[in-house]
Each structure stands twice: as structure tokens, then as C-alpha cells.
Amino acid sequence: MMKQIIAVVFFALLVNSIPAQNKQVIPLQYGAKASGKRTDSAMAKWRANRFGQFIHWGLYAIPGGVWKGKTYAYAAEFLKSSAGLSSATWDSLMYQFNPAKFDAKAWAKMDKAMGVKYVTITTKHHEGFCLWPSKYTDFTVANTPFKRDILKEVVDAYTAEGINVNFYYSVLDWHHPDWRYDIKNASDSIAFARYLDFAKNQLAELAQRYPAVKGFWFDGTWDKSVQKNGKWTYEVEMMLKQLIPGAIVNSRLRADDFGKRHRDSNGELMGDYESGYERRLPSPYDTSVLKNDWEACMTIPENQWGYHQDWSLSHVKSSNEILENIVRTVALSGNMLVNFGPKGDGSFRTEELQRAQEIGDWMKTNSQSIYNCGYAGLERQDWGYYTKNQQTGKVYMVVFNVPVSFGLTVKLPANTMIGKAVLLGNHTAHMEPDELTKNQYMLHLPVGTYNKPVVIELELKPVSVKGSNYREAKT
Ligand code: 1KN
């Protein structure tokens, strides 16, 4: 018995000690195309942008989570399912779709002022309703009283403001008769093949009608039916990249030959960036996320993407909380999409307008700590997050927790010192760091009341030959 245990332990140790490069690579036809991050300019731009806006807009914006006087607390874009409504009932909302206040130019101006560099808009959510006049279905904006091509107006207005546009597309479709959750028999298989053709046609149509679009954000891909069609997900990614050179596609689209999602059977990320951080973020210490590009998306209330009339049902994040989510993400080299859900009339609710305004005001002074920034590689401190501009090498201290002492500790790698420290928005005030010990400094914020995160820009430099002036006490 003992011998057997020893043999098992020995074997386990042996297996564990086999170096990673000797691991068997599983041959895949539909796995990841490459390892690590893309290095082309389209991806570099996406990465430098860092801050984007998600827009969820569809028929669900009309009832806004309320049906026949009853409020459903669950996500407004799921009302059809929460209230148990038939497709006939839900789909007839299209005859009420007439957003008189929709003004793509005004949206783009508001977003420009908020400081977003890109927007990702729902072209078709789970309900199946299309915000463009698709030739593959009648369930589109063209057949509503509004008639106008919303996507075209959005793409044109945002592109004119220098804001990149990406398309969200739900593969899951509650309207299309050929959608299947799983493939259980030959008739499912025939129907779903038709559905996949339909979806692929729509995606080609989107790419061809709106060639200015920069990327595609897939959702509703978790069902077995899609998992069993890794080939289709691979082909769609390739098709979009052929139609739009440099197109950027999220990992959520993809399944491999064995139905593995996001990461293939060899552990490599499929698509161009990891899109699994939805309404949650990695631990601020989790540097494992650095190996791929990634993007998080966040709602302002707890869990509402589409417009919901009643935001009193959950905590609503303040602009400071949203900023903290953005900065936490950038500090780990990720992008952040903050979600907005316009009303059925095409206007934004006041809570969203206010947050857009407040975030924009902060960005005016402090956006240097966001755009082009990523992981700084410094030991985290309790006051907040470091980010680092990947081009200039400048480091930003984004302070969310001001200590009662107003003193902020900075620990630097060996042979590095603070060359210059400037409080953003107050450029005349160079800060004089105290040296606590070798490579450890204390910066002193002006005594005062802080109700927004403050940012200190650091220029680091190598310790000169003379060394820093720190003297240890004789003890
Ligand atoms: C818990 O299951 C879901 C299913 C769909 C959670 C969220 C979602 C959709 N993904 C977000 C990006 C929204 O579009 C939401 O409706």
C-alpha cells in the first residue's frame, strides 16, 4: 500500500515537473489564430482608447421594465422573458417605436464631452429587433413608424466627432423561428443551419453597409447550439476581418472544435481581446490578465443594460464609482465600456446625463492618466491606482482614498527616484517628495477636502551617481 502511495505521489510530481513547452498541443482547425496580443495599428488604437461607451437600445426601451402596470426588477432588456410575453405581443412593440428625440449628433457631442473614444451599440439584442433596415428580416426599424436607419446616423455622427464605432450583435435571437438553444435532432440541425446563415448574412451586411465600423462585440453565444458550431464562429471572425481590414472581434464570439469558449483547448485566447469581465473586474493584483488585451463592461445600476423606468430598485453608481471602475481597469491594461440605455423617445435619463457630465469634467483635467495608459508595474498602495503612459513612460497616481494625513506613499524599484511630481489641474504646484528610505517616498497633498479623485503625474528617473540624499540614522 505504502509503495503504491509513493508511486502515485512520485508520478504526480513527475507530471507536474514536465515543462510547459513539452505539453501536447491539441491540433485545432478553429482555435486561436495567434498567441498573445495583436501588434497592428488598429489594435493599438483600440488599446490606447481605453474608455468607451456601451449603448443598449431596442424595443425594450419602450416599456422600460414595466408591463401592464407591474414593474419587473430584472434587467429591462429581459422583460419579454421576465413577464412571460409571447413573441407576437413583444414584437408588436415595433409599431410604437418612434423616438422623436433621437439625435445621433447630440449623442455624439455628449459622448465627446464625456471623453469616450469609442462607442459599442446594440445592432440587435436578444429580442431580435434590428436598428438597421436589414434585408434578411422584416423585424427592423425600417418597418416602424420611425423608419430611419439608426445605425447609419450613429456611425456618421460619431465618426464625424472622431469617436470609433463598434457593433454589438446578439447571436441568441428570441424572434427568429430557426434559433435553437441546442441541437437535439436532425430538424434542429437543419433549422439552426438556416439561422447561422441568416446571422452570417446579417453580419456581412453590417460590415458592408457600415465600413467605418471598427469592431464587433458578440453576445448570446453561450448556448450549446453555438458551442457545437465552433467552425461558424471561426468563419464569422475571418469573414469580418476580410470585409473590414483591422476589424476587432471579442472573445465571446468564439468556440473551438471541441466547443471550448473564449479560450481554446490549448488555453489560447480566441478573438482579439478577452470580454468576460461583465459587471465585475479582476482583482487589482491579478496581473495574469496582462497577457491578453481585455475589456470590461459595467452598468450604472446593478444590472440594467436597457432603459428601466425605476432605478430605485438597486444601487446606482456615482460618477466617482464609475471613475474608480475605469481607473482600476486601465491600471491592469484593460479597456472599460460604461453602459448607457437611452429611453424609448431617444433621449437620455437625467442620471446618465449627470454622470456623463461629471465624468467629462474629470476627464478634462485628468484624461492623461487614462488614454494610452496601462499597467505601471509598481507596488500597489492603499490610496488608489497607478497607471502609466505606454509612450511617454509618465506614471499617474490616481488617488481615490485620501489619507487623513494627506501623505501618499510611493515605493519605487531599486535605483529609481521621483524626478518630478505634479498635481494635475494645478500645474504650478510641483510637489516635493520626502524620502522615507531608499526608493520610498511620501508625497503631500495640499490639505483640503477632496470629493473627486486627484491625479499626480510622476516623472521617474534613474538614481544619479551621487545617489539620493537619503541618510540612514546611526543606530
Ligand atoms: C445572466 O445572463 C445574462 C444574459 C445576457 C447576463 C447578461 C446578458 C447580456 N449581456 C450584456 C452585455 C447585456 O447585453 C445583457 O443583456
# chains A, B, ... in the order shown; residues from 1 in each chain; ligands from 1

$ residues_around --residues "stretch 164-173 of chain A" --least-positions-apart "4" --cutoff "8 Å" --atoms "only C-alpha atoms" --output "PyMOL selection string"
chain A and resi 117-128+155+158-159+179+199+212-221

$ residues_around --residues "stretch 310-314 of chain A" --least-positions-apart "3" --cutoff "12 Å" --atoms "only C-alpha atoms" --output "list in words"
Pro63, Gly64, Gly65, Val66, Lys70, Thr71, Tyr72, Ala73, Tyr74, Ala75, Ala76, Thr299, Ile300, Pro301, Glu302, Asn303, Gln304, Trp305, Gly306, Tyr307, Lys317, Gly341, Arg349, Thr350, Glu351 and Glu352 of chain A

$ atom_distance --atom1 "atom CA of A:Tyr95" --atom2 "atom 6 (C, counted along the ligand's line) of ligand 1"
26.9 Å

$ atom_distance --atom1 "atom CA of A:Pro403" --atom2 "atom CA of A:Arg328"
18.8 Å

$ residues_around --residues "A:Glu379" --least-positions-apart "3" --cutoff "9 Å" --atoms "only C-alpha atoms" --output "list in words"
Ala376, Tyr386, Val410, Lys411, Leu412 and Pro413 of chain A

$ residues_around --residues "stretch 205-210 of chain A" --least-positions-apart "2" --cutoff "8 Å" --atoms "only C-alpha atoms" --output "list in words"
Ser134, Lys152, Val155, Asn201, Gln202, Leu203, Ala212, Val213, Leu240, Leu243 and Ile244 of chain A

$ select_by_dssp --residues "stretch 76-320 of chain A" --states "strand (DSSP E)" --output "mmCIF file with N, CA and C atoms, in the first residue's frame"
data_model
loop_
_atom_site.group_PDB
_atom_site.id
_atom_site.type_symbol
_atom_site.label_atom_id
_atom_site.label_comp_id
_atom_site.auth_asym_id
_atom_site.auth_seq_id
_atom_site.Cartn_x
_atom_site.Cartn_y
_atom_site.Cartn_z
ATOM 1 N N TYR A 118 -14.586 55.576 -27.946
ATOM 2 C CA TYR A 118 -15.335 54.672 -28.822
ATOM 3 C C TYR A 118 -16.673 54.338 -28.192
ATOM 4 N N VAL A 119 -17.562 53.873 -29.057
ATOM 5 C CA VAL A 119 -18.897 53.509 -28.605
ATOM 6 C C VAL A 119 -19.226 52.137 -29.185
ATOM 7 N N THR A 120 -19.905 51.319 -28.399
ATOM 8 C CA THR A 120 -20.334 49.999 -28.873
ATOM 9 C C THR A 120 -21.843 49.950 -28.729
ATOM 10 N N ILE A 121 -22.545 49.852 -29.845
ATOM 11 C CA ILE A 121 -24.012 49.959 -29.831
ATOM 12 C C ILE A 121 -24.660 48.653 -30.265
ATOM 13 N N THR A 122 -25.759 48.322 -29.608
ATOM 14 C CA THR A 122 -26.513 47.112 -29.948
ATOM 15 C C THR A 122 -27.143 47.282 -31.331
ATOM 16 N N THR A 123 -26.754 46.419 -32.260
ATOM 17 C CA THR A 123 -27.419 46.433 -33.566
ATOM 18 C C THR A 123 -28.682 45.576 -33.494
ATOM 19 N N LYS A 124 -28.567 44.510 -32.695
ATOM 20 C CA LYS A 124 -29.679 43.571 -32.488
ATOM 21 C C LYS A 124 -29.413 42.893 -31.158
ATOM 22 N N ASN A 164 -14.748 56.225 -32.419
ATOM 23 C CA ASN A 164 -14.890 54.968 -33.163
ATOM 24 C C ASN A 164 -16.184 54.251 -32.806
ATOM 25 N N VAL A 165 -16.753 53.561 -33.780
ATOM 26 C CA VAL A 165 -17.999 52.831 -33.542
ATOM 27 C C VAL A 165 -17.761 51.329 -33.678
ATOM 28 N N ASN A 166 -18.272 50.584 -32.707
ATOM 29 C CA ASN A 166 -18.262 49.115 -32.761
ATOM 30 C C ASN A 166 -19.696 48.624 -32.671
ATOM 31 N N PHE A 167 -19.934 47.454 -33.247
ATOM 32 C CA PHE A 167 -21.281 46.888 -33.239
ATOM 33 C C PHE A 167 -21.393 45.702 -32.285
ATOM 34 N N TYR A 168 -22.361 45.799 -31.390
ATOM 35 C CA TYR A 168 -22.780 44.658 -30.572
ATOM 36 C C TYR A 168 -23.760 43.845 -31.407
ATOM 37 N N TYR A 169 -23.632 42.526 -31.375
ATOM 38 C CA TYR A 169 -24.575 41.680 -32.105
ATOM 39 C C TYR A 169 -24.876 40.451 -31.251
ATOM 40 N N SER A 170 -26.148 40.233 -30.962
ATOM 41 C CA SER A 170 -26.536 39.039 -30.214
ATOM 42 C C SER A 170 -26.798 37.891 -31.181
ATOM 43 N N GLY A 215 -15.150 47.385 -35.052
ATOM 44 C CA GLY A 215 -15.108 46.062 -34.429
ATOM 45 C C GLY A 215 -16.493 45.534 -34.118
ATOM 46 N N PHE A 216 -16.534 44.281 -33.699
ATOM 47 C CA PHE A 216 -17.795 43.594 -33.411
ATOM 48 C C PHE A 216 -17.722 42.977 -32.021
ATOM 49 N N TRP A 217 -18.790 43.178 -31.275
ATOM 50 C CA TRP A 217 -18.884 42.700 -29.894
ATOM 51 C C TRP A 217 -20.028 41.682 -29.852
ATOM 52 N N PHE A 218 -19.672 40.422 -29.791
ATOM 53 C CA PHE A 218 -20.696 39.368 -29.827
ATOM 54 C C PHE A 218 -21.185 39.026 -28.439
ATOM 55 N N ASP A 219 -22.462 38.661 -28.384
ATOM 56 C CA ASP A 219 -23.112 38.260 -27.140
ATOM 57 C C ASP A 219 -24.082 37.125 -27.489
ATOM 58 N N ILE A 248 -11.847 44.327 -35.160
ATOM 59 C CA ILE A 248 -11.526 43.782 -33.838
ATOM 60 C C ILE A 248 -12.743 43.022 -33.314
ATOM 61 N N VAL A 249 -12.520 41.789 -32.901
ATOM 62 C CA VAL A 249 -13.629 40.912 -32.510
ATOM 63 C C VAL A 249 -13.380 40.399 -31.096
ATOM 64 N N GLU A 274 -10.144 39.633 -24.523
ATOM 65 C CA GLU A 274 -10.941 38.886 -23.580
ATOM 66 C C GLU A 274 -12.131 39.746 -23.157
ATOM 67 N N SER A 275 -13.346 39.206 -23.255
ATOM 68 C CA SER A 275 -14.537 40.021 -22.956
ATOM 69 C C SER A 275 -15.398 39.378 -21.869
ATOM 70 N N GLY A 276 -14.749 38.698 -20.933
ATOM 71 C CA GLY A 276 -15.504 38.009 -19.872
ATOM 72 C C GLY A 276 -15.791 38.854 -18.639
ATOM 73 N N TYR A 277 -15.154 40.015 -18.516
ATOM 74 C CA TYR A 277 -15.392 40.833 -17.314
ATOM 75 C C TYR A 277 -16.615 41.709 -17.495
ATOM 76 N N GLU A 278 -17.761 41.143 -17.130
ATOM 77 C CA GLU A 278 -19.036 41.841 -17.282
ATOM 78 C C GLU A 278 -19.570 42.146 -15.882
ATOM 79 N N TRP A 294 -7.867 43.067 -23.019
ATOM 80 C CA TRP A 294 -9.159 42.738 -22.412
ATOM 81 C C TRP A 294 -9.989 44.004 -22.248
ATOM 82 N N GLU A 295 -11.280 43.773 -22.123
ATOM 83 C CA GLU A 295 -12.212 44.882 -21.951
ATOM 84 C C GLU A 295 -13.272 44.459 -20.952
ATOM 85 N N ALA A 296 -13.577 45.344 -20.010
ATOM 86 C CA ALA A 296 -14.666 45.091 -19.075
ATOM 87 C C ALA A 296 -15.860 45.937 -19.501
ATOM 88 N N CYS A 297 -17.058 45.522 -19.099
ATOM 89 C CA CYS A 297 -18.217 46.384 -19.321
ATOM 90 C C CYS A 297 -18.999 46.475 -18.027
ATOM 91 N N MET A 298 -19.587 47.635 -17.789
ATOM 92 C CA MET A 298 -20.180 47.933 -16.485
ATOM 93 C C MET A 298 -21.491 48.674 -16.649
#

$ residues_around --residues "A:Val399" --least-positions-apart "3" --cutoff "6 Å" --atoms "only C-alpha atoms" --output "list in words"
Trp383, Gly384, Pro453 and Val454 of chain A

$ residues_around --residues "stretch 194-197 of chain A" --least-positions-apart "3" --cutoff "8 Å" --atoms "only C-alpha atoms" --output "list in words"
His176, Asp178, Trp179, Ile190, Ala191, Lys200, Asn201 and Trp232 of chain A

$ write_last_selection --atoms "all heavy atoms" --output "compact mmCIF listing (two decimals), in the first residue's frame"
# COMPACT_ATOMS: atom_id res chain seq x y z
N HIS A 176 -36.32 34.93 -34.08
CA HIS A 176 -36.15 34.12 -35.29
C HIS A 176 -36.61 32.67 -35.07
O HIS A 176 -36.17 32.02 -34.13
CB HIS A 176 -34.68 34.14 -35.72
CG HIS A 176 -34.49 33.77 -37.15
ND1 HIS A 176 -34.73 32.49 -37.61
CD2 HIS A 176 -34.13 34.51 -38.23
CE1 HIS A 176 -34.50 32.46 -38.91
NE2 HIS A 176 -34.14 33.66 -39.32
N ASP A 178 -35.87 29.97 -36.40
CA ASP A 178 -34.85 28.91 -36.55
C ASP A 178 -33.80 28.92 -35.44
O ASP A 178 -32.91 28.07 -35.43
CB ASP A 178 -34.15 29.05 -37.91
CG ASP A 178 -35.09 28.71 -39.05
OD1 ASP A 178 -35.98 27.85 -38.84
OD2 ASP A 178 -34.96 29.32 -40.13
N TRP A 179 -33.89 29.88 -34.53
CA TRP A 179 -32.94 29.85 -33.40
C TRP A 179 -33.17 28.57 -32.58
O TRP A 179 -34.31 28.15 -32.38
CB TRP A 179 -33.11 31.08 -32.49
CG TRP A 179 -32.41 30.87 -31.18
CD1 TRP A 179 -32.98 30.47 -30.00
CD2 TRP A 179 -31.00 30.95 -30.94
NE1 TRP A 179 -32.01 30.32 -29.04
CE2 TRP A 179 -30.79 30.60 -29.58
CE3 TRP A 179 -29.89 31.28 -31.73
CZ2 TRP A 179 -29.51 30.58 -29.01
CZ3 TRP A 179 -28.62 31.27 -31.16
CH2 TRP A 179 -28.44 30.92 -29.82
N ILE A 190 -31.12 21.26 -39.08
CA ILE A 190 -31.47 21.95 -40.34
C ILE A 190 -31.91 23.39 -40.06
O ILE A 190 -31.47 24.33 -40.72
CB ILE A 190 -32.57 21.16 -41.09
CG1 ILE A 190 -31.99 19.82 -41.58
CG2 ILE A 190 -33.13 21.98 -42.26
CD1 ILE A 190 -33.05 18.80 -41.98
N ALA A 191 -32.76 23.52 -39.04
CA ALA A 191 -33.24 24.87 -38.70
C ALA A 191 -32.07 25.76 -38.28
O ALA A 191 -31.95 26.90 -38.74
CB ALA A 191 -34.28 24.78 -37.57
N LYS A 200 -24.98 35.12 -40.25
CA LYS A 200 -23.76 35.45 -41.01
C LYS A 200 -24.07 36.48 -42.10
O LYS A 200 -23.31 37.43 -42.31
CB LYS A 200 -23.16 34.18 -41.61
CG LYS A 200 -21.74 34.38 -42.11
CD LYS A 200 -21.31 33.23 -42.99
CE LYS A 200 -20.15 32.48 -42.35
NZ LYS A 200 -19.75 31.33 -43.18
N ASN A 201 -25.20 36.30 -42.77
CA ASN A 201 -25.61 37.28 -43.79
C ASN A 201 -25.79 38.66 -43.18
O ASN A 201 -25.39 39.67 -43.76
CB ASN A 201 -26.92 36.85 -44.45
CG ASN A 201 -26.72 35.72 -45.45
OD1 ASN A 201 -25.62 35.56 -45.99
ND2 ASN A 201 -27.75 34.94 -45.68
N TRP A 232 -18.44 27.79 -37.38
CA TRP A 232 -19.17 29.00 -37.79
C TRP A 232 -18.57 30.23 -37.11
O TRP A 232 -18.36 31.27 -37.74
CB TRP A 232 -20.66 28.85 -37.44
CG TRP A 232 -21.50 30.05 -37.83
CD1 TRP A 232 -22.07 30.27 -39.04
CD2 TRP A 232 -21.84 31.17 -37.00
NE1 TRP A 232 -22.77 31.46 -39.02
CE2 TRP A 232 -22.64 32.04 -37.77
CE3 TRP A 232 -21.58 31.52 -35.67
CZ2 TRP A 232 -23.17 33.24 -37.28
CZ3 TRP A 232 -22.08 32.72 -35.17
CH2 TRP A 232 -22.87 33.56 -35.98

$ select_by_dssp --residues "stretch 72-196 of chain A" --states "helix (DSSP H, G or I)" --output "number ranges by chain"
A: 76-82, 87-96, 104-114, 141-143, 150-160, 186-196

$ residues_around --residues "stretch 437-442 of chain A" --least-positions-apart "6" --cutoff "12 Å" --atoms "only C-alpha atoms" --output "JSON list (two decimals) with C-alpha atoms, in the first residue's frame"
[["chain", "number", "residue", "atom", "x", "y", "z"],
["A", 378, "LEU", "CA", 4.65, 49.49, -9.17],
["A", 379, "GLU", "CA", 3.68, 48.06, -5.79],
["A", 381, "GLN", "CA", -0.71, 51.46, -2.31],
["A", 383, "TRP", "CA", -4.59, 55.47, -1.81],
["A", 403, "PRO", "CA", -5.50, 59.68, 3.96],
["A", 405, "SER", "CA", -2.55, 62.74, 6.94],
["A", 406, "PHE", "CA", -2.70, 63.79, 3.26],
["A", 407, "GLY", "CA", 0.52, 61.78, 2.84],
["A", 408, "LEU", "CA", 0.78, 59.36, -0.09],
["A", 409, "THR", "CA", 3.38, 56.61, -0.02],
["A", 410, "VAL", "CA", 5.23, 55.73, -3.21],
["A", 411, "LYS", "CA", 7.54, 52.72, -3.44],
["A", 412, "LEU", "CA", 9.80, 52.58, -6.45],
["A", 413, "PRO", "CA", 12.02, 49.86, -7.85],
["A", 414, "ALA", "CA", 15.70, 49.93, -6.84],
["A", 415, "ASN", "CA", 17.75, 52.73, -8.44],
["A", 416, "THR", "CA", 14.68, 54.73, -9.38],
["A", 417, "MET", "CA", 13.67, 58.09, -7.95],
["A", 418, "ILE", "CA", 10.99, 60.71, -8.44],
["A", 419, "GLY", "CA", 12.23, 63.30, -10.90],
["A", 421, "ALA", "CA", 5.67, 65.25, -9.27],
["A", 431, "MET", "CA", 5.23, 68.57, -5.17],
["A", 458, "LEU", "CA", 5.24, 61.43, -11.84],
["A", 460, "LEU", "CA", 10.63, 58.81, -12.68],
["A", 461, "LYS", "CA", 14.34, 58.78, -13.29],
["A", 462, "PRO", "CA", 17.32, 56.58, -12.52],
["A", 463, "VAL", "CA", 19.10, 57.40, -9.27],
["A", 467, "GLY", "CA", 22.59, 58.86, -5.17],
["A", 468, "SER", "CA", 19.53, 60.18, -3.48],
["A", 469, "ASN", "CA", 20.00, 62.37, -0.44],
["A", 470, "TYR", "CA", 18.55, 59.90, 2.00],
["A", 471, "ARG", "CA", 20.74, 59.33, 5.02],
["A", 472, "GLU", "CA", 20.14, 56.49, 7.39],
["A", 473, "ALA", "CA", 20.42, 57.30, 11.06]]
